[in-house]
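**Q** Quick one, query17.cif (mmCIF, C-alpha atoms):
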```
data_final
#
loop_
_atom_site.group_PDB
_atom_site.id
_atom_site.type_symbol
_atom_site.label_atom_id
_atom_site.label_comp_id
_atom_site.auth_asym_id
_atom_site.auth_seq_id
_atom_site.Cartn_x
_atom_site.Cartn_y
_atom_site.Cartn_z
ATOM 1 C CA MET A 12 118.457 8.032 129.804
ATOM 2 C CA THR A 13 115.447 6.087 130.944
ATOM 3 C CA ALA A 14 115.013 3.661 133.809
ATOM 4 C CA MET A 15 117.553 5.285 136.059
ATOM 5 C CA THR A 16 115.560 4.953 139.231
ATOM 6 C CA ASN A 17 118.053 2.634 140.853
ATOM 7 C CA ALA A 18 121.211 4.264 139.607
ATOM 8 C CA ALA A 19 123.703 6.298 141.523
ATOM 9 C CA THR A 20 121.578 7.610 144.332
ATOM 10 C CA GLY A 21 124.287 6.513 146.722
ATOM 11 C CA ALA A 22 123.169 6.326 150.314
ATOM 12 C CA PRO A 23 122.489 2.825 151.542
ATOM 13 C CA GLY A 24 119.252 2.462 153.412
ATOM 14 C CA GLN A 25 117.648 5.187 151.386
ATOM 15 C CA PRO A 26 113.978 5.457 152.326
ATOM 16 C CA ALA A 27 111.326 4.284 149.925
ATOM 17 C CA HIS A 28 109.815 6.922 147.674
ATOM 18 C CA GLY A 29 106.543 8.374 148.729
ATOM 19 C CA GLU A 30 106.756 7.319 152.337
ATOM 20 C CA LEU A 31 108.878 10.088 153.748
ATOM 21 C CA GLY A 32 107.727 12.953 151.629
ATOM 22 C CA ARG A 33 105.836 14.160 148.657
ATOM 23 C CA LEU A 34 106.986 15.039 145.191
ATOM 24 C CA HIS A 35 105.356 17.958 143.435
ATOM 25 C CA ILE A 36 106.072 18.669 139.799
ATOM 26 C CA HIS A 37 105.144 22.041 138.394
ATOM 27 C CA ASP A 38 103.269 22.382 135.140
ATOM 28 C CA ARG A 39 106.171 24.347 133.781
ATOM 29 C CA VAL A 40 108.499 21.367 134.073
ATOM 30 C CA VAL A 41 106.147 19.205 132.029
ATOM 31 C CA GLU A 42 105.775 22.014 129.511
ATOM 32 C CA LYS A 43 109.531 22.250 129.056
ATOM 33 C CA ILE A 44 109.937 18.503 128.682
ATOM 34 C CA ALA A 45 107.126 18.375 126.124
ATOM 35 C CA GLY A 46 108.549 21.289 124.153
ATOM 36 C CA TRP A 47 112.010 19.807 124.000
ATOM 37 C CA ALA A 48 110.684 16.350 123.255
ATOM 38 C CA ALA A 49 108.835 17.744 120.244
ATOM 39 C CA ARG A 50 112.068 19.362 119.094
ATOM 40 C CA GLU A 51 113.738 15.972 119.099
ATOM 41 C CA VAL A 52 111.580 15.008 116.168
ATOM 42 C CA ALA A 53 113.550 16.409 113.257
ATOM 43 C CA GLU A 54 110.524 17.426 111.235
ATOM 44 C CA ALA A 55 108.803 19.304 114.037
ATOM 45 C CA GLY A 56 109.742 22.533 115.727
ATOM 46 C CA SER A 57 108.450 25.667 117.324
ATOM 47 C CA ALA A 58 105.811 27.827 115.721
ATOM 48 C CA THR A 59 105.051 31.485 116.066
ATOM 49 C CA PRO A 60 102.151 32.052 118.397
ATOM 50 C CA ARG A 61 98.864 32.588 116.631
ATOM 51 C CA LEU A 62 96.468 35.271 117.653
ATOM 52 C CA LEU A 63 93.527 32.910 117.669
ATOM 53 C CA GLY A 64 95.453 29.784 118.642
ATOM 54 C CA ARG A 65 94.459 28.060 121.809
ATOM 55 C CA SER A 66 98.011 28.204 123.144
ATOM 56 C CA LEU A 67 98.052 31.985 123.238
ATOM 57 C CA PRO A 68 97.407 32.441 126.982
ATOM 58 C CA VAL A 69 100.815 31.043 127.888
ATOM 59 C CA ALA A 70 102.754 32.405 124.938
ATOM 60 C CA GLY A 71 103.907 35.429 126.898
ATOM 61 C CA ARG A 72 105.636 33.273 129.446
ATOM 62 C CA PHE A 73 107.914 31.892 126.780
ATOM 63 C CA GLY A 74 108.505 35.068 124.879
ATOM 64 C CA ILE A 75 107.651 35.511 121.253
ATOM 65 C CA ARG A 76 108.659 32.476 119.256
ATOM 66 C CA ARG A 77 109.749 32.218 115.707
ATOM 67 C CA THR A 78 108.860 29.306 113.540
ATOM 68 C CA ASP A 79 111.998 27.223 113.780
ATOM 69 C CA LEU A 80 112.610 23.494 113.446
ATOM 70 C CA GLY A 81 115.545 23.772 115.825
ATOM 71 C CA ALA A 82 113.662 25.403 118.685
ATOM 72 C CA ALA A 83 111.541 23.882 121.408
ATOM 73 C CA ALA A 84 107.826 23.935 120.753
ATOM 74 C CA ASN A 85 105.339 25.844 122.812
ATOM 75 C CA ALA A 86 103.512 23.609 125.262
ATOM 76 C CA THR A 87 100.829 23.924 127.895
ATOM 77 C CA ALA A 88 100.458 21.265 130.551
ATOM 78 C CA HIS A 89 97.798 20.631 133.148
ATOM 79 C CA ILE A 90 98.679 18.254 135.937
ATOM 80 C CA GLN A 91 95.873 16.607 137.849
ATOM 81 C CA GLY A 92 96.998 14.118 140.443
ATOM 82 C CA SER A 93 99.348 11.680 138.788
ATOM 83 C CA ALA A 94 98.165 12.416 135.272
ATOM 84 C CA THR A 95 98.770 15.237 132.865
ATOM 85 C CA ARG A 96 97.227 16.675 129.751
ATOM 86 C CA ILE A 97 99.518 18.460 127.305
ATOM 87 C CA GLU A 98 98.838 20.792 124.429
ATOM 88 C CA LEU A 99 101.526 21.552 121.903
ATOM 89 C CA SER A 100 101.774 24.112 119.193
ATOM 90 C CA ILE A 101 104.264 23.067 116.536
ATOM 91 C CA SER A 102 105.501 23.733 113.060
ATOM 92 C CA VAL A 103 106.091 20.932 110.573
ATOM 93 C CA ARG A 104 108.694 20.740 107.831
ATOM 94 C CA TRP A 105 107.241 21.017 104.367
ATOM 95 C CA PRO A 106 106.374 18.612 102.742
ATOM 96 C CA ALA A 107 106.448 16.055 105.534
ATOM 97 C CA SER A 108 103.291 14.143 106.321
ATOM 98 C CA ILE A 109 101.535 15.952 109.125
ATOM 99 C CA PRO A 110 99.831 12.824 110.492
ATOM 100 C CA GLU A 111 103.190 11.031 110.629
ATOM 101 C CA VAL A 112 105.012 13.920 112.260
ATOM 102 C CA THR A 113 102.317 14.508 114.840
ATOM 103 C CA ALA A 114 102.224 10.794 115.621
ATOM 104 C CA GLN A 115 105.998 10.865 116.165
ATOM 105 C CA VAL A 116 105.764 13.973 118.305
ATOM 106 C CA ARG A 117 102.957 12.523 120.365
ATOM 107 C CA ASP A 118 104.896 9.333 120.926
ATOM 108 C CA ARG A 119 108.087 11.162 121.840
ATOM 109 C CA VAL A 120 106.323 13.542 124.206
ATOM 110 C CA ARG A 121 104.529 10.711 125.969
ATOM 111 C CA THR A 122 107.747 8.764 126.371
ATOM 112 C CA ARG A 123 109.791 11.687 127.607
ATOM 113 C CA VAL A 124 107.228 13.048 130.024
ATOM 114 C CA SER A 125 106.368 9.706 131.551
ATOM 115 C CA ASP A 126 110.027 8.669 131.782
ATOM 116 C CA LEU A 127 111.269 11.880 133.318
ATOM 117 C CA THR A 128 108.366 12.780 135.589
ATOM 118 C CA GLY A 129 106.582 9.498 136.248
ATOM 119 C CA LEU A 130 103.294 11.190 135.376
ATOM 120 C CA ARG A 131 100.731 9.392 133.256
ATOM 121 C CA VAL A 132 100.157 11.263 130.034
ATOM 122 C CA GLN A 133 96.439 11.267 129.422
ATOM 123 C CA GLU A 134 96.344 13.269 126.274
ATOM 124 C CA VAL A 135 98.694 15.081 123.926
ATOM 125 C CA GLY A 136 96.855 17.633 121.864
ATOM 126 C CA ILE A 137 98.831 18.985 118.920
ATOM 127 C CA ILE A 138 98.059 22.074 116.908
ATOM 128 C CA VAL A 139 100.085 22.522 113.746
ATOM 129 C CA THR A 140 100.241 26.241 113.233
ATOM 130 C CA ASP A 141 102.932 26.589 110.608
ATOM 131 C CA LEU A 142 104.917 24.863 107.885
ATOM 132 C CA VAL A 143 108.647 25.303 107.369
ATOM 133 C CA THR A 144 110.612 24.966 104.173
ATOM 134 C CA ASN A 145 114.113 23.794 104.948
ATOM 135 C CA ARG A 146 115.786 25.624 102.088
ATOM 136 C CA GLY A 147 116.359 29.301 101.708
ATOM 137 C CA SER A 148 114.471 31.273 99.113
ATOM 138 C CA GLY A 149 117.342 30.832 96.626
ATOM 139 C CA SER A 150 116.560 27.196 95.918
ATOM 140 C CA ARG A 151 112.910 27.732 95.248
ATOM 141 C CA VAL A 152 111.760 26.350 91.916
ATOM 142 C CA HIS A 153 108.425 27.227 90.443
ATOM 143 C CA MET B 18 109.520 29.519 162.397
ATOM 144 C CA THR B 19 111.808 31.984 164.067
ATOM 145 C CA ALA B 20 115.476 31.594 164.771
ATOM 146 C CA THR B 21 116.100 30.707 168.377
ATOM 147 C CA VAL B 22 118.328 32.942 170.454
ATOM 148 C CA GLY B 23 121.642 31.345 171.278
ATOM 149 C CA GLN B 24 121.631 29.064 168.257
ATOM 150 C CA PRO B 25 123.104 29.671 164.864
ATOM 151 C CA ASP B 26 120.976 31.954 162.741
ATOM 152 C CA ALA B 27 119.857 29.373 160.249
ATOM 153 C CA VAL B 28 118.303 26.871 162.652
ATOM 154 C CA VAL B 29 114.535 26.844 162.332
ATOM 155 C CA ASP B 30 112.614 24.515 164.646
ATOM 156 C CA GLY B 31 115.606 22.224 164.964
ATOM 157 C CA VAL B 32 116.411 22.168 161.256
ATOM 158 C CA ASP B 33 119.610 23.823 160.091
ATOM 159 C CA VAL B 34 118.362 25.445 156.916
ATOM 160 C CA ASP B 35 121.858 26.292 155.676
ATOM 161 C CA ALA B 36 122.887 22.676 156.026
ATOM 162 C CA VAL B 37 119.745 21.552 154.194
ATOM 163 C CA ALA B 38 120.444 24.001 151.372
ATOM 164 C CA ALA B 39 124.048 22.812 151.092
ATOM 165 C CA ALA B 40 122.986 19.165 151.118
ATOM 166 C CA VAL B 41 120.425 19.773 148.382
ATOM 167 C CA ARG B 42 122.880 21.696 146.209
ATOM 168 C CA ALA B 43 125.329 18.812 146.535
ATOM 169 C CA CYS B 44 122.850 16.387 144.943
ATOM 170 C CA PRO B 45 123.987 15.516 141.413
ATOM 171 C CA GLY B 46 120.513 15.929 139.950
ATOM 172 C CA VAL B 47 120.006 19.393 141.383
ATOM 173 C CA LEU B 48 121.020 22.489 139.503
ATOM 174 C CA ASP B 49 120.073 24.919 142.231
ATOM 175 C CA LEU B 50 117.447 25.811 144.764
ATOM 176 C CA THR B 51 114.786 28.184 143.568
ATOM 177 C CA ALA B 52 112.003 30.166 145.122
ATOM 178 C CA GLY B 53 110.076 29.665 141.919
ATOM 179 C CA TRP B 54 107.222 31.865 140.892
ATOM 180 C CA MET B 55 104.188 32.772 142.893
ATOM 181 C CA GLY B 56 103.804 30.636 145.962
ATOM 182 C CA GLY B 57 107.482 29.754 145.960
ATOM 183 C CA ARG B 58 109.043 28.749 149.217
ATOM 184 C CA ALA B 59 111.834 30.448 151.120
ATOM 185 C CA THR B 60 113.097 30.753 154.673
ATOM 186 C CA TYR B 61 113.321 34.265 156.025
ATOM 187 C CA LEU B 62 116.125 34.854 158.474
ATOM 188 C CA PRO B 63 117.418 38.020 160.102
ATOM 189 C CA GLY B 64 119.010 39.955 157.273
ATOM 190 C CA ARG B 65 118.785 37.271 154.635
ATOM 191 C CA ARG B 66 116.594 34.790 152.877
ATOM 192 C CA ILE B 67 117.264 31.221 151.831
ATOM 193 C CA GLU B 68 115.266 30.508 148.706
ATOM 194 C CA GLY B 69 113.809 27.114 147.998
ATOM 195 C CA VAL B 70 113.892 25.724 151.533
ATOM 196 C CA ALA B 71 111.023 26.031 153.987
ATOM 197 C CA VAL B 72 110.424 24.307 157.309
ATOM 198 C CA ASP B 73 106.763 23.515 157.902
ATOM 199 C CA ALA B 74 105.207 21.940 160.987
ATOM 200 C CA ASP B 75 105.484 18.430 159.621
ATOM 201 C CA ALA B 76 107.713 18.729 156.576
ATOM 202 C CA VAL B 77 110.850 20.259 155.174
ATOM 203 C CA VAL B 78 109.950 21.587 151.742
ATOM 204 C CA VAL B 79 112.724 21.802 149.178
ATOM 205 C CA GLN B 80 112.105 23.509 145.844
ATOM 206 C CA VAL B 81 114.653 22.941 143.105
ATOM 207 C CA ARG B 82 115.620 23.306 139.492
ATOM 208 C CA GLY B 83 116.498 19.840 138.243
ATOM 209 C CA ARG B 84 118.785 18.632 135.505
ATOM 210 C CA TRP B 85 117.201 17.494 132.275
ATOM 211 C CA GLU B 86 118.457 13.922 132.239
ATOM 212 C CA VAL B 87 117.482 13.077 135.823
ATOM 213 C CA THR B 88 114.061 11.603 136.441
ATOM 214 C CA ALA B 89 111.865 13.286 139.014
ATOM 215 C CA ARG B 90 111.753 10.132 141.070
ATOM 216 C CA GLU B 91 115.516 9.815 141.115
ATOM 217 C CA LEU B 92 115.886 13.468 141.987
ATOM 218 C CA ALA B 93 113.471 13.116 144.884
ATOM 219 C CA GLY B 94 115.380 10.065 146.080
ATOM 220 C CA GLN B 95 118.676 11.943 146.047
ATOM 221 C CA ILE B 96 117.244 14.897 147.901
ATOM 222 C CA ARG B 97 115.460 12.797 150.495
ATOM 223 C CA ALA B 98 118.550 10.740 151.165
ATOM 224 C CA ALA B 99 120.565 13.930 151.640
ATOM 225 C CA VAL B 100 118.044 15.910 153.666
ATOM 226 C CA ALA B 101 116.372 13.235 155.804
ATOM 227 C CA PRO B 102 119.206 13.148 158.395
ATOM 228 C CA LEU B 103 118.890 16.919 158.782
ATOM 229 C CA ALA B 104 115.107 17.113 158.872
ATOM 230 C CA ALA B 105 114.612 16.419 162.584
ATOM 231 C CA GLY B 106 112.079 13.688 161.916
ATOM 232 C CA ARG B 107 110.023 15.669 159.439
ATOM 233 C CA ARG B 108 108.853 14.553 156.040
ATOM 234 C CA VAL B 109 110.934 15.808 153.118
ATOM 235 C CA ASP B 110 108.720 17.241 150.386
ATOM 236 C CA VAL B 111 110.376 17.885 147.046
ATOM 237 C CA VAL B 112 109.038 20.426 144.588
ATOM 238 C CA LEU B 113 110.434 20.196 141.073
ATOM 239 C CA ALA B 114 109.809 23.748 140.014
ATOM 240 C CA ASP B 115 111.950 24.122 136.938
ATOM 241 C CA LEU B 116 114.238 22.211 134.657
ATOM 242 C CA ASP B 117 117.589 22.797 133.035
ATOM 243 C CA LYS B 118 117.936 22.756 129.275
ATOM 244 C CA PRO B 119 118.811 19.421 127.737
ATOM 245 C CA LEU B 120 122.429 18.898 126.794
ATOM 246 C CA PRO B 121 123.130 19.938 123.214
ATOM 247 C CA THR B 122 123.631 16.454 121.852
ATOM 248 C CA GLU B 123 121.698 14.499 119.260
ATOM 249 C CA ALA B 124 119.123 17.125 118.506
ATOM 250 C CA ASP B 125 121.780 19.741 117.730
ATOM 251 C CA THR B 126 124.085 17.554 115.718
ATOM 252 C CA ARG B 127 121.450 16.348 113.308
ATOM 253 C CA PRO B 128 121.335 18.140 109.983
ATOM 254 C CA ASP B 129 118.739 20.726 110.682
ATOM 255 C CA GLY B 130 115.518 20.470 108.804
ATOM 256 C CA TYR B 131 116.155 17.010 107.426
ATOM 257 C CA PRO B 132 113.693 14.249 108.100
ATOM 258 C CA ASN B 133 114.304 11.437 110.528
ATOM 259 C CA PRO B 134 116.031 8.462 108.920
ATOM 260 C CA PRO B 135 113.615 5.862 107.649
ATOM 261 C CA GLY B 136 113.163 2.713 109.651
ATOM 262 C CA PRO B 137 112.469 2.448 113.352
ATOM 263 C CA GLY B 138 110.558 5.342 114.774
ATOM 264 C CA PRO B 139 111.361 7.362 117.880
ATOM 265 C CA ALA B 140 110.414 4.471 120.136
ATOM 266 C CA ALA B 141 113.532 2.612 119.039
ATOM 267 C CA ARG B 142 115.877 5.443 119.991
ATOM 268 C CA PRO B 143 117.764 4.953 123.226
ATOM 269 C CA GLY B 144 116.803 8.275 124.746
#
```
The structure in this file should be written as structure tokens.

**A**
Amino acid sequence: MTAMTNAATGAPGQPAHGELGRLHIHDRVVEKIAGWAAREVAEAGSATPRLLGRSLPVAGRFGIRRTDLGAAANATAHIQGSATRIELSISVRWPASIPEVTAQVRDRVRTRVSDLTGLRVQEVGIIVTDLVTNRGSGSRVH
Amino acid sequence: MTATVGQPDAVVDGVDVDAVAAAVRACPGVLDLTAGWMGGRATYLPGRRIEGVAVDADAVVVQVRGRWEVTARELAGQIRAAVAPLAAGRRVDVVLADLDKPLPTEADTRPDGYPNPPGPGPAARPG
């Protein structure tokens, strides 16, 4: 899925990138890529928006989320020039190690965003706002 | 920016906007044209509007929804190759305004809620 820049564009004599036009990428595209990239880490998923969480200002654009390991995480991206800063709000599966999961998410988000958009990822801020147990209440043992 | 009398409706300053729209939609990495949100681009013609294509003084601006697996650079290359012959010497600016959902593949087939297999981390995965 990566390194496809030379594949299948067809037309011989295709002009070099950047010389005959500009490429703009909206913040929303980076946000979607980051959210889905976080979902690709099995132990991370979406989290319900928090009233006092920093990601709240954009939560309305994505609708109300449930905490769900199978759903894309909420992300906010700021693009400045050829670089981007990303903030993610995720849930983590209990009892996974939060430092490990966030490191995986950060790595995956960086890879995906830079591969798909060509933007340099300056910073991936992650807020863990919820924990998920992967079993239903029936298997709970106290 | 107005349609010239005696020419087909969709020709704006020498650029056939309908042809540009068709060429962009034919690109494999493009899902559709989109006017986007605020500040989105469209061409206004008598009785209709073509969303996602605008002819500026020095550029043809194309605003699209892309497919998930296509890189932005590749998408821009496809669109420029398709639109450049129609652009009457103008630059072709590409705006990637939105993205399709990823295909339901690996992420959906994994047992939900289970941890990643031990061993190589995400960097070793082919995606």

**Q** What is the CA of Val40 (chain A)-CA of Arg108 (chain B) distance in Å, reported with one decimal?

**A**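 Here the two named atoms are 23.0 Å from each other.
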
**Q** I need the residue set behind the PyMOL selection byres ((chain A and resi 97-107) around 6) for this file; please write it as a ChimeraX atom specification.

**A** /A:54-58,84-88,96,108,135-144

**Q** With C-alpha atoms retained, write the just-selected residues as a short mmCIF file (atom, residue, chain, number, x, y, z; two decimals), in the frame of the given file.

**A**
```
data_model
loop_
_atom_site.label_atom_id
_atom_site.label_comp_id
_atom_site.auth_asym_id
_atom_site.auth_seq_id
_atom_site.Cartn_x
_atom_site.Cartn_y
_atom_site.Cartn_z
CA GLU A 54 110.52 17.43 111.24
CA ALA A 55 108.80 19.30 114.04
CA GLY A 56 109.74 22.53 115.73
CA SER A 57 108.45 25.67 117.32
CA ALA A 58 105.81 27.83 115.72
CA ALA A 84 107.83 23.94 120.75
CA ASN A 85 105.34 25.84 122.81
CA ALA A 86 103.51 23.61 125.26
CA THR A 87 100.83 23.92 127.90
CA ALA A 88 100.46 21.26 130.55
CA ARG A 96 97.23 16.68 129.75
CA SER A 108 103.29 14.14 106.32
CA VAL A 135 98.69 15.08 123.93
CA GLY A 136 96.86 17.63 121.86
CA ILE A 137 98.83 18.98 118.92
CA ILE A 138 98.06 22.07 116.91
CA VAL A 139 100.08 22.52 113.75
CA THR A 140 100.24 26.24 113.23
CA ASP A 141 102.93 26.59 110.61
CA LEU A 142 104.92 24.86 107.88
CA VAL A 143 108.65 25.30 107.37
CA THR A 144 110.61 24.97 104.17
#
```

**Q** Go through A:Ser125, A:Ile44, A:Gln91, A:Asp38 one by one, measure the shortest atom-to-atom distance of each to Arg90 (chain B) using all atoms listed in the file, and give the residue with the smallest value.

**A**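 Of A:Ser125, A:Ile44, A:Gln91, A:Asp38, the one nearest Arg90 (chain B) is A:Ser125, counting all atoms listed in the file.
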
**Q** Excluding region 35-40 of chain B and residues on its chain fewer than 3 positions from it, collect all residues at most 12 Å away from it, counting all atoms listed in the file, and give them as a compact mmCIF listing (two decimals) with C-alpha atoms, in the frame of the given file.

**A**
```txt
# COMPACT_ATOMS: atom_id res chain seq x y z
CA PRO B 25 123.10 29.67 164.86
CA ASP B 26 120.98 31.95 162.74
CA ALA B 27 119.86 29.37 160.25
CA VAL B 28 118.30 26.87 162.65
CA VAL B 29 114.54 26.84 162.33
CA GLY B 31 115.61 22.22 164.96
CA VAL B 32 116.41 22.17 161.26
CA ALA B 43 125.33 18.81 146.54
CA CYS B 44 122.85 16.39 144.94
CA PRO B 45 123.99 15.52 141.41
CA GLY B 46 120.51 15.93 139.95
CA VAL B 47 120.01 19.39 141.38
CA LEU B 48 121.02 22.49 139.50
CA ASP B 49 120.07 24.92 142.23
CA LEU B 50 117.45 25.81 144.76
CA THR B 51 114.79 28.18 143.57
CA ALA B 59 111.83 30.45 151.12
CA THR B 60 113.10 30.75 154.67
CA TYR B 61 113.32 34.26 156.02
CA LEU B 62 116.12 34.85 158.47
CA ARG B 65 118.78 37.27 154.64
CA ARG B 66 116.59 34.79 152.88
CA ILE B 67 117.26 31.22 151.83
CA GLU B 68 115.27 30.51 148.71
CA GLY B 69 113.81 27.11 148.00
CA VAL B 70 113.89 25.72 151.53
CA ALA B 71 111.02 26.03 153.99
CA VAL B 72 110.42 24.31 157.31
CA VAL B 77 110.85 20.26 155.17
CA VAL B 78 109.95 21.59 151.74
CA VAL B 79 112.72 21.80 149.18
CA GLN B 80 112.10 23.51 145.84
CA VAL B 81 114.65 22.94 143.10
CA GLN B 95 118.68 11.94 146.05
CA ILE B 96 117.24 14.90 147.90
CA ARG B 97 115.46 12.80 150.50
CA ALA B 98 118.55 10.74 151.16
CA ALA B 99 120.56 13.93 151.64
CA VAL B 100 118.04 15.91 153.67
CA ALA B 101 116.37 13.24 155.80
CA PRO B 102 119.21 13.15 158.40
CA LEU B 103 118.89 16.92 158.78
CA ALA B 104 115.11 17.11 158.87
CA ALA B 105 114.61 16.42 162.58
CA VAL B 109 110.93 15.81 153.12
```

**Q** With distances taken over all atoms listed in the file, which residue among A:Leu80, A:Arg123, A:Gln133, A:Ala53 lies nearest Pro119 (chain B)?

**A** A:Arg123

**Q** What gap, in Å, lies between CA of Ala74 (chain B) and CA of Ile36 (chain A)?

**A** 21.5 Å

**Q** Pick from B:Gly64, B:Val34, B:Glu91, B:Asp117: nearest to chain A, with all atoms listed in the file counted?

**A**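 Of all the options, B:Glu91 lies closest to chain A.
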
**Q** Using all atoms listed in the file, find the one residue out of A:Glu111, A:Asp79, A:Ala49, A:Gly92 that sits nearest to Leu34 (chain A).

**A** A:Gly92

**Q** So how many Å separate CA of Asp115 (chain B) and CA of Arg82 (chain B), to one decimal?

**A**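 CA of Arg82 (chain B) lies at a distance of 4.5 Å from CA of Asp115 (chain B).
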
**Q** The residues within 6 Å of (114.5, 17.2, 118.0), using all atoms listed in the file and the coordinates of the file, should be reported as an MDAnalysis selection string; which are they?

**A** (chainID A and resid 50:53) or (chainID B and resid 124)

**Q** Restricting the calculation to all atoms listed in the file, which member of A:Val112, A:Ala82, A:Ala94, A:Leu127 is positioned closest to chain B?

**A**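 Distance minimum relative to chain B lands on A:Leu127.
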
**Q** From the set B:Asp33, B:Ala76, B:Arg58, B:Thr88, which residue has the shortest atom-to-atom contact distance to Gly129 (chain A), counting all atoms listed in the file?

**A**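 Counting all atoms listed in the file, the residue closest to Gly129 (chain A) is B:Thr88.
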
**Q** Excluding Val124 (chain A) and its own-chain neighbours fewer than 2 positions away, which residues fall within 10 Å of it when counting all atoms listed in the file? Please give them as a PyMOL selection string.

**A** (chain A and resi 40-45+48+95+97+119-122+126-132) or (chain B and resi 88)

**Q** Would you save the residues of that selection, restricted to C-alpha atoms, as a PDB file, in the coordinates of the input?

**A**
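Result file follows (part_26.pdb):
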```pdb
ATOM      1  CA  VAL A  40     108.499  21.367 134.073  1.00  0.00           C
ATOM      2  CA  VAL A  41     106.147  19.205 132.029  1.00  0.00           C
ATOM      3  CA  GLU A  42     105.775  22.014 129.511  1.00  0.00           C
ATOM      4  CA  LYS A  43     109.531  22.250 129.056  1.00  0.00           C
ATOM      5  CA  ILE A  44     109.937  18.503 128.682  1.00  0.00           C
ATOM      6  CA  ALA A  45     107.126  18.375 126.124  1.00  0.00           C
ATOM      7  CA  ALA A  48     110.684  16.350 123.255  1.00  0.00           C
ATOM      8  CA  THR A  95      98.770  15.237 132.865  1.00  0.00           C
ATOM      9  CA  ILE A  97      99.518  18.460 127.305  1.00  0.00           C
ATOM     10  CA  ARG A 119     108.087  11.162 121.840  1.00  0.00           C
ATOM     11  CA  VAL A 120     106.323  13.542 124.206  1.00  0.00           C
ATOM     12  CA  ARG A 121     104.529  10.711 125.969  1.00  0.00           C
ATOM     13  CA  THR A 122     107.747   8.764 126.371  1.00  0.00           C
ATOM     14  CA  ASP A 126     110.027   8.669 131.782  1.00  0.00           C
ATOM     15  CA  LEU A 127     111.269  11.880 133.318  1.00  0.00           C
ATOM     16  CA  THR A 128     108.366  12.780 135.589  1.00  0.00           C
ATOM     17  CA  GLY A 129     106.582   9.498 136.248  1.00  0.00           C
ATOM     18  CA  LEU A 130     103.294  11.190 135.376  1.00  0.00           C
ATOM     19  CA  ARG A 131     100.731   9.392 133.256  1.00  0.00           C
ATOM     20  CA  VAL A 132     100.157  11.263 130.034  1.00  0.00           C
TER      21      VAL A 132
ATOM     22  CA  THR B  88     114.061  11.603 136.441  1.00  0.00           C
TER      23      THR B  88
END
```

**Q** Any chance you could work out the axis-aligned box around region 50-65 of chain B, listed atoms only, 8 Å on each side, giving centre and edge lengths in Å to one decimal, as JSON?

**A**
```
{"center_x": 111.4, "center_y": 32.9, "center_z": 150.5, "size_x": 31.2, "size_y": 30.1, "size_z": 35.2}
```
